[in-house]
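Chemist: target_18.txt is reproduced below (compact mmCIF, C-alpha atoms and all ligand atoms).
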# COMPACT_ATOMS: atom_id res chain seq x y z
CA MET D 1 -128.09 115.88 84.87
CA ALA D 2 -126.51 113.91 82.06
CA PRO D 3 -123.03 115.21 81.20
CA ARG D 4 -122.57 116.82 77.75
CA VAL D 5 -120.21 114.69 75.70
CA ALA D 6 -118.29 117.75 74.49
CA ASP D 7 -117.53 118.61 78.14
CA VAL D 8 -116.37 115.10 79.04
CA VAL D 9 -113.44 114.87 76.62
CA ASN D 10 -111.75 118.16 75.67
CA ALA D 11 -110.79 118.98 72.07
CA ASP D 12 -107.38 117.26 72.09
CA ALA D 13 -108.37 114.60 74.66
CA THR D 14 -105.73 115.77 77.13
CA LEU D 15 -108.36 116.18 79.86
CA ILE D 16 -111.10 113.65 80.49
CA GLN D 17 -113.81 114.02 83.08
CA ARG D 18 -114.20 111.24 85.61
CA SER D 19 -117.79 110.71 84.51
CA ALA D 20 -116.49 109.04 81.30
CA TRP D 21 -115.97 105.91 83.38
CA SER D 22 -118.94 106.08 85.70
CA ASP D 23 -121.97 107.94 84.35
CA PRO D 24 -125.04 105.78 83.51
CA ASP D 25 -126.23 108.16 80.75
CA LEU D 26 -122.88 108.02 78.99
CA TYR D 27 -122.99 104.24 79.29
CA ALA D 28 -126.42 104.25 77.61
CA LEU D 29 -124.94 106.37 74.80
CA GLU D 30 -121.97 103.99 74.50
CA LYS D 31 -124.34 101.12 73.86
CA VAL D 32 -125.86 102.92 70.87
CA ALA D 33 -122.79 104.74 69.57
CA ILE D 34 -120.05 102.17 70.18
CA PHE D 35 -121.51 98.70 70.68
CA GLY D 36 -124.37 99.20 68.22
CA LYS D 37 -122.02 100.31 65.43
CA SER D 38 -118.64 98.60 65.85
CA TRP D 39 -117.36 95.22 64.73
CA LEU D 40 -117.17 93.11 67.91
CA PHE D 41 -115.05 90.01 68.28
CA LEU D 42 -117.10 86.82 68.65
CA ALA D 43 -115.06 83.67 68.11
CA HIS D 44 -112.18 82.02 66.29
CA ASP D 45 -112.54 79.36 63.58
CA SER D 46 -110.54 76.89 65.67
CA GLN D 47 -113.32 76.84 68.31
CA ILE D 48 -115.99 75.66 65.86
CA PRO D 49 -114.31 73.43 63.25
CA GLU D 50 -117.25 71.00 62.62
CA PRO D 51 -120.89 71.51 61.58
CA GLY D 52 -122.98 71.88 64.75
CA ASP D 53 -120.06 73.25 66.82
CA PHE D 54 -121.05 76.35 68.77
CA VAL D 55 -119.66 78.79 71.34
CA GLN D 56 -121.28 81.53 73.36
CA ALA D 57 -120.28 85.15 72.94
CA TYR D 58 -121.53 88.59 73.88
CA MET D 59 -122.03 91.80 71.97
CA CYS D 60 -122.02 94.28 74.87
CA GLU D 61 -124.70 92.80 77.18
CA THR D 62 -126.46 90.86 74.42
CA PRO D 63 -125.78 87.10 74.47
CA VAL D 64 -124.92 85.59 71.10
CA ILE D 65 -124.43 82.02 69.84
CA VAL D 66 -121.82 81.49 67.16
CA VAL D 67 -122.40 78.21 65.35
CA ARG D 68 -121.14 76.39 62.28
CA GLY D 69 -124.13 75.38 60.17
CA ARG D 70 -124.60 72.07 58.38
CA ASP D 71 -123.35 73.73 55.20
CA GLY D 72 -120.08 74.69 56.95
CA ARG D 73 -120.98 78.40 57.05
CA VAL D 74 -120.76 80.31 60.33
CA HIS D 75 -123.90 81.93 61.78
CA ALA D 76 -124.40 84.22 64.76
CA HIS D 77 -127.78 84.51 66.50
CA VAL D 78 -128.95 86.43 69.52
CA ASN D 79 -129.38 83.80 72.22
CA SER D 80 -132.94 84.66 73.15
CA CYS D 81 -136.11 82.74 72.37
CA THR D 82 -138.69 84.66 70.32
CA HIS D 83 -141.46 83.27 72.59
CA ARG D 84 -140.49 84.69 76.02
CA GLY D 85 -136.83 85.55 75.71
CA LEU D 86 -135.10 82.72 77.52
CA PRO D 87 -131.67 81.69 76.27
CA VAL D 88 -132.09 78.75 73.93
CA CYS D 89 -128.50 77.63 74.49
CA ARG D 90 -127.03 77.31 77.97
CA ALA D 91 -123.73 75.54 77.42
CA ASP D 92 -120.60 77.65 76.89
CA ARG D 93 -119.69 75.47 73.92
CA GLY D 94 -120.44 72.12 72.38
CA ASN D 95 -121.95 70.44 69.35
CA THR D 96 -125.65 70.26 68.73
CA ALA D 97 -128.23 69.41 66.04
CA LYS D 98 -130.70 72.07 67.22
CA PHE D 99 -131.36 74.62 69.95
CA ILE D 100 -134.33 73.78 72.18
CA CYS D 101 -135.67 76.41 74.57
CA PRO D 102 -136.12 74.94 78.07
CA TYR D 103 -139.34 76.82 78.90
CA HIS D 104 -141.85 75.56 76.27
CA ASN D 105 -139.47 73.67 73.98
CA TRP D 106 -139.67 75.87 70.92
CA THR D 107 -137.06 74.31 68.70
CA TYR D 108 -134.66 76.12 66.38
CA SER D 109 -132.30 74.80 63.70
CA ILE D 110 -128.63 75.58 64.18
CA GLU D 111 -129.07 78.09 61.36
CA GLY D 112 -131.60 79.89 63.59
CA LYS D 113 -134.90 78.94 61.92
CA LEU D 114 -137.87 78.13 64.16
CA GLN D 115 -138.71 74.49 63.37
CA ALA D 116 -141.24 73.42 65.97
CA ILE D 117 -143.78 74.89 68.40
CA PRO D 118 -144.93 71.90 70.48
CA GLN D 119 -148.16 73.65 71.59
CA ALA D 120 -149.25 74.19 67.98
CA ARG D 121 -150.58 70.66 67.57
CA HIS D 122 -153.34 71.46 70.11
CA LEU D 123 -154.37 74.68 68.40
CA GLN D 124 -156.34 75.48 65.31
CA HIS D 125 -154.18 78.35 64.05
CA ALA D 126 -150.45 77.84 64.04
CA PRO D 127 -148.30 80.99 63.81
CA ASP D 128 -146.06 81.61 60.79
CA LYS D 129 -142.79 80.07 61.94
CA SER D 130 -140.83 81.73 59.13
CA THR D 131 -141.04 85.10 60.94
CA LEU D 132 -140.10 83.75 64.38
CA GLY D 133 -136.52 82.57 63.97
CA LEU D 134 -133.72 83.67 66.28
CA LYS D 135 -132.52 87.19 65.54
CA ALA D 136 -129.47 86.94 63.30
CA VAL D 137 -126.54 89.29 63.93
CA PRO D 138 -126.96 91.42 60.78
CA ARG D 139 -123.28 91.55 59.78
CA LEU D 140 -120.81 88.75 60.31
CA GLU D 141 -117.35 88.63 58.74
CA SER D 142 -114.03 86.99 59.45
CA TRP D 143 -110.41 87.91 59.05
CA ASN D 144 -107.57 85.44 59.68
CA GLY D 145 -110.03 83.01 61.28
CA MET D 146 -111.37 85.64 63.70
CA TRP D 147 -115.13 86.19 63.48
CA PHE D 148 -116.63 89.58 64.26
CA GLY D 149 -120.26 90.65 64.32
CA CYS D 150 -121.90 94.05 64.04
CA PHE D 151 -125.46 95.21 64.78
CA ASP D 152 -125.20 98.00 62.18
CA PRO D 153 -126.11 96.67 58.72
CA GLU D 154 -124.41 99.71 57.12
CA VAL D 155 -121.02 99.23 58.77
CA VAL D 156 -117.90 99.25 56.55
CA SER D 157 -116.32 95.86 55.78
CA LEU D 158 -114.36 94.23 58.58
CA ALA D 159 -111.17 94.58 56.50
CA ASP D 160 -111.70 98.34 56.19
CA TYR D 161 -112.63 98.62 59.85
CA LEU D 162 -109.40 96.94 60.94
CA GLY D 163 -107.44 98.98 58.39
CA ASP D 164 -103.73 99.10 59.13
CA MET D 165 -104.28 97.14 62.33
CA ARG D 166 -104.22 94.05 60.10
CA TRP D 167 -100.56 94.74 59.39
CA TYR D 168 -99.77 94.68 63.11
CA LEU D 169 -101.97 91.69 63.90
CA ASP D 170 -100.37 89.78 61.05
CA ALA D 171 -96.96 90.30 62.62
CA PHE D 172 -98.18 87.60 65.02
CA PHE D 173 -100.69 85.54 62.99
CA GLY D 174 -98.51 85.52 59.89
CA ARG D 175 -95.64 83.81 61.70
CA PHE D 176 -97.36 80.42 61.87
CA ALA D 177 -97.82 78.25 58.78
CA GLU D 178 -100.87 76.51 60.27
CA GLY D 179 -102.37 79.53 62.03
CA VAL D 180 -103.39 79.63 65.68
CA GLU D 181 -105.86 77.89 67.99
CA PHE D 182 -107.97 79.44 70.70
CA VAL D 183 -107.73 76.87 73.49
CA GLY D 184 -110.99 75.69 75.10
CA SER D 185 -113.41 78.09 76.74
CA PRO D 186 -112.18 81.49 77.86
CA GLN D 187 -111.51 82.14 81.51
CA ARG D 188 -114.26 84.54 82.61
CA TRP D 189 -114.52 86.75 85.66
CA VAL D 190 -116.21 89.93 86.84
CA ILE D 191 -114.39 93.11 87.89
CA ASP D 192 -115.95 96.14 89.55
CA ALA D 193 -114.64 98.55 86.97
CA ASN D 194 -115.72 100.26 83.77
CA TRP D 195 -115.19 98.28 80.54
CA LYS D 196 -112.79 100.88 79.09
CA LEU D 197 -110.25 100.44 81.88
CA PRO D 198 -108.91 97.01 80.82
CA VAL D 199 -109.16 98.14 77.18
CA GLU D 200 -107.06 101.25 77.69
CA ASN D 201 -104.49 99.35 79.71
CA GLN D 202 -103.99 96.73 76.99
CA LEU D 203 -104.17 99.25 74.16
CA GLY D 204 -100.87 100.83 75.07
CA ASP D 205 -100.31 101.49 78.79
CA VAL D 206 -96.86 100.01 78.91
CA ASN D 207 -95.90 102.77 81.33
CA HIS D 208 -97.24 101.09 84.41
CA GLY D 209 -95.10 97.95 84.03
CA PRO D 210 -92.02 99.01 85.99
CA PHE D 211 -94.15 100.50 88.77
CA LEU D 212 -97.34 98.54 89.33
CA HIS D 213 -95.60 95.28 88.37
CA ALA D 214 -92.24 96.10 89.96
CA ALA D 215 -92.25 92.88 91.98
CA VAL D 216 -92.89 90.65 88.97
CA ILE D 217 -91.30 92.08 85.84
CA PRO D 218 -87.50 91.89 85.99
CA PRO D 219 -85.59 95.19 85.58
CA GLU D 220 -83.86 93.97 82.38
CA ALA D 221 -87.22 93.41 80.72
CA ASN D 222 -88.34 96.91 81.71
CA ALA D 223 -85.06 98.38 80.45
CA GLU D 224 -85.63 96.68 77.09
CA VAL D 225 -89.10 98.24 76.89
CA PHE D 226 -87.70 101.71 77.50
CA GLU D 227 -84.83 101.22 75.08
CA ARG D 228 -86.66 99.45 72.24
CA GLY D 229 -90.33 100.11 72.97
CA VAL D 230 -92.55 101.44 70.20
CA SER D 231 -96.19 102.45 70.43
CA ALA D 232 -98.20 102.62 67.22
CA VAL D 233 -101.73 103.82 66.57
CA ALA D 234 -102.80 102.07 63.37
CA GLU D 235 -106.17 103.86 63.34
CA PRO D 236 -107.72 105.80 66.22
CA GLY D 237 -108.76 103.21 68.82
CA HIS D 238 -106.58 100.44 67.36
CA GLY D 239 -103.03 100.24 68.68
CA ALA D 240 -99.95 98.07 69.05
CA THR D 241 -96.95 98.17 71.35
CA PHE D 242 -93.82 96.12 70.87
CA ARG D 243 -90.09 96.11 71.25
CA TRP D 244 -88.45 96.69 67.90
CA MET D 245 -85.27 94.69 68.03
CA PRO D 246 -82.10 95.51 66.06
CA GLU D 247 -81.69 93.85 62.68
CA ASP D 248 -78.71 91.83 63.89
CA ALA D 249 -80.31 90.70 67.16
CA PRO D 250 -79.67 87.01 67.78
CA VAL D 251 -82.66 84.81 66.99
CA GLU D 252 -83.10 83.90 70.67
CA SER D 253 -83.47 87.49 71.78
CA VAL D 254 -86.36 88.15 69.40
CA ALA D 255 -88.23 84.91 70.14
CA TRP D 256 -91.48 86.39 71.36
CA GLY D 257 -93.03 86.24 74.74
CA PHE D 258 -90.75 84.14 76.87
CA GLU D 259 -88.03 86.50 77.94
CA GLY D 260 -89.10 86.23 81.58
CA MET D 261 -89.25 82.48 81.64
CA ALA D 262 -86.67 81.24 79.16
CA SER D 263 -85.06 79.10 81.85
CA LEU D 264 -88.35 77.21 82.32
CA LEU D 265 -88.51 76.11 78.74
CA ALA D 266 -87.52 72.66 77.56
CA PRO D 267 -84.89 72.47 74.78
CA GLU D 268 -87.45 71.41 72.15
CA VAL D 269 -89.45 74.52 72.97
CA HIS D 270 -86.37 76.67 72.43
CA ASP D 271 -85.89 74.86 69.13
CA TYR D 272 -89.48 75.56 68.06
CA LEU D 273 -89.20 79.25 68.97
CA ARG D 274 -85.91 79.58 67.12
CA GLU D 275 -87.34 77.88 64.08
CA ILE D 276 -90.37 80.20 64.04
CA GLN D 277 -88.19 83.25 64.47
CA ALA D 278 -85.64 82.15 61.88
CA ARG D 279 -88.43 82.00 59.26
CA ALA D 280 -90.19 85.17 60.44
CA ALA D 281 -88.57 87.54 57.92
CA GLU D 282 -89.61 85.35 55.01
CA ARG D 283 -93.16 84.97 56.36
CA VAL D 284 -93.94 88.50 57.60
CA GLY D 285 -91.13 90.61 56.13
CA PRO D 286 -88.07 92.16 57.78
CA ALA D 287 -89.80 94.99 59.67
CA ARG D 288 -92.32 92.74 61.38
CA ALA D 289 -89.81 89.96 62.00
CA ARG D 290 -88.03 92.34 64.37
CA MET D 291 -91.18 92.94 66.42
CA LYS D 292 -91.25 91.42 69.89
CA GLY D 293 -94.82 92.07 70.86
CA LEU D 294 -96.25 93.56 74.04
CA THR D 295 -99.91 94.58 73.95
CA TYR D 296 -102.48 95.36 71.27
CA GLY D 297 -106.00 96.74 71.15
CA VAL D 298 -108.76 96.62 68.53
CA PHE D 299 -111.55 99.16 69.02
CA PRO D 300 -113.69 98.96 71.03
CA ASN D 301 -113.05 96.03 73.39
CA LEU D 302 -110.69 93.37 72.00
CA SER D 303 -107.19 93.10 73.43
CA PHE D 304 -104.26 90.92 72.52
CA LEU D 305 -101.37 90.38 74.89
CA TRP D 306 -98.74 89.06 72.55
CA SER D 307 -96.26 88.86 75.42
CA ASN D 308 -98.38 86.12 77.03
CA THR D 309 -100.42 85.04 74.00
CA ALA D 310 -103.79 85.97 75.48
CA PHE D 311 -106.81 87.35 73.65
CA LYS D 312 -109.19 89.26 75.89
CA VAL D 313 -112.60 90.83 75.52
CA SER D 314 -113.99 93.39 77.95
CA HIS D 315 -117.77 92.84 78.06
CA PRO D 316 -119.64 95.73 79.74
CA ARG D 317 -122.14 94.89 82.46
CA GLY D 318 -123.22 98.44 83.31
CA PRO D 319 -120.97 101.46 83.85
CA GLY D 320 -119.29 99.93 86.89
CA ARG D 321 -118.88 96.29 86.05
CA VAL D 322 -117.07 94.31 83.39
CA GLU D 323 -117.05 90.64 82.55
CA TYR D 324 -113.57 89.93 81.31
CA TRP D 325 -112.93 86.96 79.00
CA SER D 326 -109.45 85.64 78.35
CA TRP D 327 -108.34 82.91 75.93
CA SER D 328 -104.98 81.24 75.68
CA VAL D 329 -103.90 81.27 72.04
CA VAL D 330 -101.33 78.82 70.69
CA PRO D 331 -99.71 78.18 67.29
CA ALA D 332 -101.63 75.29 65.75
CA ASP D 333 -98.49 73.46 64.62
CA ALA D 334 -96.55 73.80 67.91
CA PRO D 335 -95.51 70.67 69.85
CA GLU D 336 -98.03 69.71 72.56
CA ALA D 337 -95.46 70.45 75.29
CA PHE D 338 -95.16 74.00 74.00
CA LYS D 339 -98.92 74.51 73.87
CA LYS D 340 -99.13 73.35 77.48
CA ILE D 341 -96.45 75.83 78.55
CA LEU D 342 -98.28 78.63 76.76
CA ARG D 343 -101.54 77.75 78.51
CA GLY D 344 -99.76 77.70 81.87
CA ASN D 345 -98.11 81.03 81.10
CA HIS D 346 -101.49 82.58 80.24
CA THR D 347 -103.08 81.30 83.44
CA ALA D 348 -100.18 82.23 85.71
CA PHE D 349 -99.87 85.80 84.46
CA PHE D 350 -103.19 86.83 82.88
CA GLY D 351 -105.86 84.26 83.82
CA ALA D 352 -108.53 84.96 86.45
CA GLY D 353 -105.97 84.54 89.25
CA GLY D 354 -102.94 85.62 87.20
CA ILE D 355 -100.38 87.60 89.14
CA LEU D 356 -100.21 90.52 86.68
CA GLU D 357 -103.97 90.36 86.18
CA GLN D 358 -104.53 90.79 89.93
CA GLU D 359 -102.32 93.85 90.05
CA ASP D 360 -103.99 95.35 86.98
CA SER D 361 -107.53 94.59 88.20
CA GLU D 362 -106.84 96.30 91.50
CA ALA D 363 -105.68 99.41 89.61
CA TRP D 364 -108.81 99.38 87.40
CA MET D 365 -111.12 99.00 90.40
CA GLN D 366 -109.38 101.88 92.13
CA GLN D 367 -109.58 104.06 89.02
CA TYR D 368 -113.30 103.29 88.87
CA VAL D 369 -113.68 104.30 92.52
CA GLY D 370 -111.71 107.48 91.80
CA SER D 371 -114.07 108.16 88.90
CA ARG D 372 -117.09 108.25 91.22
CA ILE D 373 -115.87 110.38 94.11
CA ASP D 374 -117.65 113.62 94.96
CA PHE D 375 -116.24 117.16 94.95
CA ALA D 376 -113.54 116.39 92.38
CA GLU D 377 -115.25 117.41 89.11
CA ASP D 378 -112.70 120.19 88.70
CA ARG D 379 -109.89 117.62 88.54
CA PRO D 380 -110.37 115.68 85.30
CA TYR D 381 -107.74 113.07 84.51
CA TYR D 382 -104.67 114.26 82.64
CA TYR D 383 -104.09 112.45 79.34
CA GLY D 384 -101.57 114.89 77.89
CA LEU D 385 -98.26 113.02 78.20
CA GLY D 386 -96.31 113.29 74.92
CA LEU D 387 -98.88 115.50 73.16
CA GLY D 388 -97.95 115.97 69.50
CA GLU D 389 -94.78 113.82 69.69
CA GLU D 390 -96.28 110.98 67.60
CA LYS D 391 -95.27 110.96 63.91
CA PRO D 392 -95.71 108.91 60.73
CA HIS D 393 -92.91 106.39 60.24
CA PRO D 394 -91.26 105.18 57.01
CA GLU D 395 -91.65 101.48 57.86
CA LEU D 396 -94.53 101.29 60.35
CA PRO D 397 -98.15 102.17 59.45
CA GLY D 398 -100.10 104.76 61.41
CA LEU D 399 -98.63 107.16 63.95
CA VAL D 400 -95.66 106.05 66.00
CA SER D 401 -93.97 107.19 69.20
CA VAL D 402 -92.27 106.01 72.37
CA THR D 403 -94.35 103.97 74.81
CA ALA D 404 -94.44 106.81 77.38
CA ASN D 405 -96.56 108.86 74.96
CA GLU D 406 -100.26 108.57 75.85
CA PHE D 407 -101.43 109.27 72.29
CA TYR D 408 -102.96 105.77 72.00
CA ALA D 409 -105.45 106.76 74.75
CA ARG D 410 -106.09 110.23 73.31
CA HIS D 411 -106.94 108.72 69.92
CA PHE D 412 -109.21 106.15 71.58
CA PHE D 413 -111.09 108.88 73.44
CA LEU D 414 -111.33 111.15 70.38
CA ARG D 415 -112.98 108.29 68.49
CA TRP D 416 -115.20 107.63 71.52
CA ARG D 417 -116.10 111.34 71.71
CA ASP D 418 -117.00 111.59 68.00
CA ALA D 419 -119.18 108.48 68.20
CA LEU D 420 -120.99 109.67 71.34
CA LEU D 421 -121.47 113.20 70.01
CA GLU D 422 -123.31 111.80 67.01
CA ALA D 423 -125.51 109.60 69.21
CA GLU D 424 -126.18 112.56 71.50
CA ARG D 425 -127.26 114.70 68.51
CA ASP D 426 -129.57 111.93 67.27
CA ARG D 427 -131.08 111.51 70.72
CA GLU D 428 -131.75 115.25 71.04
CA ALA D 429 -133.23 115.49 67.53
CA GLU D 430 -135.56 112.64 68.44
CA ARG D 431 -136.61 114.39 71.66
CA ASP D 432 -137.28 117.61 69.74
CA ARG D 433 -139.41 115.71 67.24
CA ASP D 434 -141.39 114.05 70.04
CA ALA D 435 -141.85 117.38 71.83
CA GLY D 436 -142.83 119.26 68.65
S1 LIG I 501 -139.71 81.02 76.24
FE1 LIG I 501 -138.80 79.76 74.78
S2 LIG I 501 -140.33 78.31 74.36
FE2 LIG I 501 -141.34 79.68 75.66
FE FE I 502 -100.39 95.46 83.78
Write the structure described by the file as structure tokens, please.

Modeler:
Amino acid sequence: MAPRVADVVNADATLIQRSAWSDPDLYALEKVAIFGKSWLFLAHDSQIPEPGDFVQAYMCETPVIVVRGRDGRVHAHVNSCTHRGLPVCRADRGNTAKFICPYHNWTYSIEGKLQAIPQARHLQHAPDKSTLGLKAVPRLESWNGMWFGCFDPEVVSLADYLGDMRWYLDAFFGRFAEGVEFVGSPQRWVIDANWKLPVENQLGDVNHGPFLHAAVIPPEANAEVFERGVSAVAEPGHGATFRWMPEDAPVESVAWGFEGMASLLAPEVHDYLREIQARAAERVGPARARMKGLTYGVFPNLSFLWSNTAFKVSHPRGPGRVEYWSWSVVPADAPEAFKKILRGNHTAFFGAGGILEQEDSEAWMQQYVGSRIDFAEDRPYYYGLGLGEEKPHPELPGLVSVTANEFYARHFFLRWRDALLEAERDREAERDRDAG
């Protein structure tokens, strides 16, 4: 029997049933309630600078093409031919004048209009092509060069959806005069785990660092996290963790992301980092200049690892499988040598074979296995660490606490619960109508 949503997450989200990560009915509800209604990250401007440039993306399990039209505007279409459903675009990225389906060569403009049906010339009655274009993603908006799509035409604006999370994201984006670049195609791989497991980890689970990653993260770095670590929930489901350095910290100690590998960096890279940091207060203000980022999450499935400049999306492939995408992100105006080091850092730590990624993936797979075992329904997972200790803060938006507080996960699951409860009510009302 399908679990009742109200029984899966308790009222304060301190206890969560294992089925949240493994039940097929809950996954079906997630598709409607979460992926059908949320803004989902698709692409960054830097990937599609010229007319005709395109990249592939996914919205849950639905393949999407993001393309810059001839007029310079960005479009997003479902990558599925209106004749028999084949993908009309097979390359991960590229530049094209049109999309041609391989099966019967129906041909679409890059703006998604059906232009040609080759069979029509042999027939007396040609169909109305104006109704047979690719399905457009109904809402498409960008913020800071990041494009998001939503299947719900009624969704609030992207700016409102991100809310105070923009303040935290801008602590990174706002540091660079020329913005950032997403480098090449993402690394992509499949993990036998539920999609929420990577999300929750990146949203705020700083706690596992000294334990799961004991062999990799040096003790000084862990000590700094305990001493200076801050966890913030900008809005339920959106969160940021960072070390908040003292106002008089030397520029070098705040230079983001390279504390573990400073000795590997060439002098010009140190110079670039110092220069960025020295101008940070003027660009993003004093509070954000002191932030030395760790991990971020944007509801439902976008993650940002500031510490290794990786953007990640957790694409569901059923309740027990996730296709994880990871991009290296670099400041657009950085020296080439620095961009190369950042790409190497991303791959070494958080790419498909990254050392921290391997340790994390193993934990997520094991949590998924633990979420499916029999005879353990009376032992839901405990999410109560730090209950009620989070507070508003005079300088930081949202609710704020130490990184050991699991409030980031409770807020995520309360949002998840509310969304699924509504979908469950709608589904039951529909069943009643059909039955009556
Ligand atoms: S399936 Fe695309 S042209 Fe027939
Ligand atoms: Fe980790």

Chemist: Using all atoms listed in the file, pick whichever of D:Gly318, D:His213, D:Val9, D:Val284 has the shortest atom-to-atom distance to Phe349 (chain D).

Modeler: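 Ranking D:Gly318, D:His213, D:Val9, D:Val284 by distance to Phe349 (chain D), first place goes to D:His213.
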
Chemist: Could you list, as a CSV table (one decimal) with C-alpha atoms, keeping the file's coordinate frame, all protein and nucleic acid residues with an atom at most 7 Å from ligand LIG 501 (chain I), counting only C-alpha atoms and all ligand atoms?

Modeler:
chain,number,residue,atom,x,y,z
D,81,CYS,CA,-136.1,82.7,72.4
D,82,THR,CA,-138.7,84.7,70.3
D,83,HIS,CA,-141.5,83.3,72.6
D,84,ARG,CA,-140.5,84.7,76.0
D,85,GLY,CA,-136.8,85.6,75.7
D,86,LEU,CA,-135.1,82.7,77.5
D,88,VAL,CA,-132.1,78.8,73.9
D,101,CYS,CA,-135.7,76.4,74.6
D,102,PRO,CA,-136.1,74.9,78.1
D,103,TYR,CA,-139.3,76.8,78.9
D,104,HIS,CA,-141.8,75.6,76.3
D,105,ASN,CA,-139.5,73.7,74.0
D,106,TRP,CA,-139.7,75.9,70.9

Chemist: Given a cut-off of 10 Å, what residues near ligand FE 502 (chain I) show up using all atoms listed in the file, put as a PyMOL selection string?

Modeler: chain D and resi 198+201-202+205-213+217+295+349-350+355-361+363-364

Chemist: Could you write those residues out with C-alpha atoms, as a PDB file, in the frame of the given file?

Modeler:
ATOM      1  CA  PRO D 198    -108.910  97.010  80.820  1.00  0.00           C
ATOM      2  CA  ASN D 201    -104.490  99.350  79.710  1.00  0.00           C
ATOM      3  CA  GLN D 202    -103.990  96.730  76.990  1.00  0.00           C
ATOM      4  CA  ASP D 205    -100.310 101.490  78.790  1.00  0.00           C
ATOM      5  CA  VAL D 206     -96.860 100.010  78.910  1.00  0.00           C
ATOM      6  CA  ASN D 207     -95.900 102.770  81.330  1.00  0.00           C
ATOM      7  CA  HIS D 208     -97.240 101.090  84.410  1.00  0.00           C
ATOM      8  CA  GLY D 209     -95.100  97.950  84.030  1.00  0.00           C
ATOM      9  CA  PRO D 210     -92.020  99.010  85.990  1.00  0.00           C
ATOM     10  CA  PHE D 211     -94.150 100.500  88.770  1.00  0.00           C
ATOM     11  CA  LEU D 212     -97.340  98.540  89.330  1.00  0.00           C
ATOM     12  CA  HIS D 213     -95.600  95.280  88.370  1.00  0.00           C
ATOM     13  CA  ILE D 217     -91.300  92.080  85.840  1.00  0.00           C
ATOM     14  CA  THR D 295     -99.910  94.580  73.950  1.00  0.00           C
ATOM     15  CA  PHE D 349     -99.870  85.800  84.460  1.00  0.00           C
ATOM     16  CA  PHE D 350    -103.190  86.830  82.880  1.00  0.00           C
ATOM     17  CA  ILE D 355    -100.380  87.600  89.140  1.00  0.00           C
ATOM     18  CA  LEU D 356    -100.210  90.520  86.680  1.00  0.00           C
ATOM     19  CA  GLU D 357    -103.970  90.360  86.180  1.00  0.00           C
ATOM     20  CA  GLN D 358    -104.530  90.790  89.930  1.00  0.00           C
ATOM     21  CA  GLU D 359    -102.320  93.850  90.050  1.00  0.00           C
ATOM     22  CA  ASP D 360    -103.990  95.350  86.980  1.00  0.00           C
ATOM     23  CA  SER D 361    -107.530  94.590  88.200  1.00  0.00           C
ATOM     24  CA  ALA D 363    -105.680  99.410  89.610  1.00  0.00           C
ATOM     25  CA  TRP D 364    -108.810  99.380  87.400  1.00  0.00           C
TER      26      TRP D 364
END

Chemist: Pick the closest to Val322 (chain D) from D:Lys37, D:Val78, D:Tyr368, D:Asp160: which is it, counting only C-alpha atoms?

Modeler: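 The closest residue to Val322 (chain D) is D:Tyr368.
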
Chemist: Considering all atoms listed in the file, can you say which of D:Ser314, D:Thr309, D:Gln277, D:Gln124 comes closest to Val329 (chain D)?

Modeler: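 Once distances to Val329 (chain D) are computed over all atoms listed in the file, the minimum belongs to D:Thr309.
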
Chemist: Missing atoms in region 138-144 of chain D should be modelled up to N, CA, C and O atoms and reported as a PDB file, keeping the file's coordinate frame.

Modeler:
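Listed below is the output, result.pdb:
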ATOM      1  N   PRO D 138    -126.797  91.034  62.189  1.00  0.00           N
ATOM      2  CA  PRO D 138    -126.960  91.420  60.780  1.00  0.00           C
ATOM      3  C   PRO D 138    -125.677  91.378  59.952  1.00  0.00           C
ATOM      4  O   PRO D 138    -125.733  91.132  58.757  1.00  0.00           O
ATOM      5  N   ARG D 139    -124.529  91.640  60.557  1.00  0.00           N
ATOM      6  CA  ARG D 139    -123.280  91.550  59.780  1.00  0.00           C
ATOM      7  C   ARG D 139    -122.320  90.630  60.510  1.00  0.00           C
ATOM      8  O   ARG D 139    -122.125  90.722  61.732  1.00  0.00           O
ATOM      9  N   LEU D 140    -121.730  89.738  59.741  1.00  0.00           N
ATOM     10  CA  LEU D 140    -120.810  88.750  60.310  1.00  0.00           C
ATOM     11  C   LEU D 140    -119.704  88.552  59.283  1.00  0.00           C
ATOM     12  O   LEU D 140    -119.987  88.207  58.138  1.00  0.00           O
ATOM     13  N   GLU D 141    -118.466  88.811  59.679  1.00  0.00           N
ATOM     14  CA  GLU D 141    -117.350  88.630  58.740  1.00  0.00           C
ATOM     15  C   GLU D 141    -116.153  88.098  59.511  1.00  0.00           C
ATOM     16  O   GLU D 141    -116.080  88.238  60.739  1.00  0.00           O
ATOM     17  N   SER D 142    -115.221  87.501  58.771  1.00  0.00           N
ATOM     18  CA  SER D 142    -114.030  86.990  59.450  1.00  0.00           C
ATOM     19  C   SER D 142    -112.769  87.503  58.776  1.00  0.00           C
ATOM     20  O   SER D 142    -112.779  87.842  57.582  1.00  0.00           O
ATOM     21  N   TRP D 143    -111.738  87.567  59.563  1.00  0.00           N
ATOM     22  CA  TRP D 143    -110.410  87.910  59.050  1.00  0.00           C
ATOM     23  C   TRP D 143    -109.406  87.033  59.811  1.00  0.00           C
ATOM     24  O   TRP D 143    -109.440  86.987  61.041  1.00  0.00           O
ATOM     25  N   ASN D 144    -108.578  86.318  59.060  1.00  0.00           N
ATOM     26  CA  ASN D 144    -107.570  85.440  59.680  1.00  0.00           C
ATOM     27  C   ASN D 144    -108.191  84.465  60.676  1.00  0.00           C
ATOM     28  O   ASN D 144    -107.605  84.179  61.724  1.00  0.00           O
TER      29      ASN D 144
END
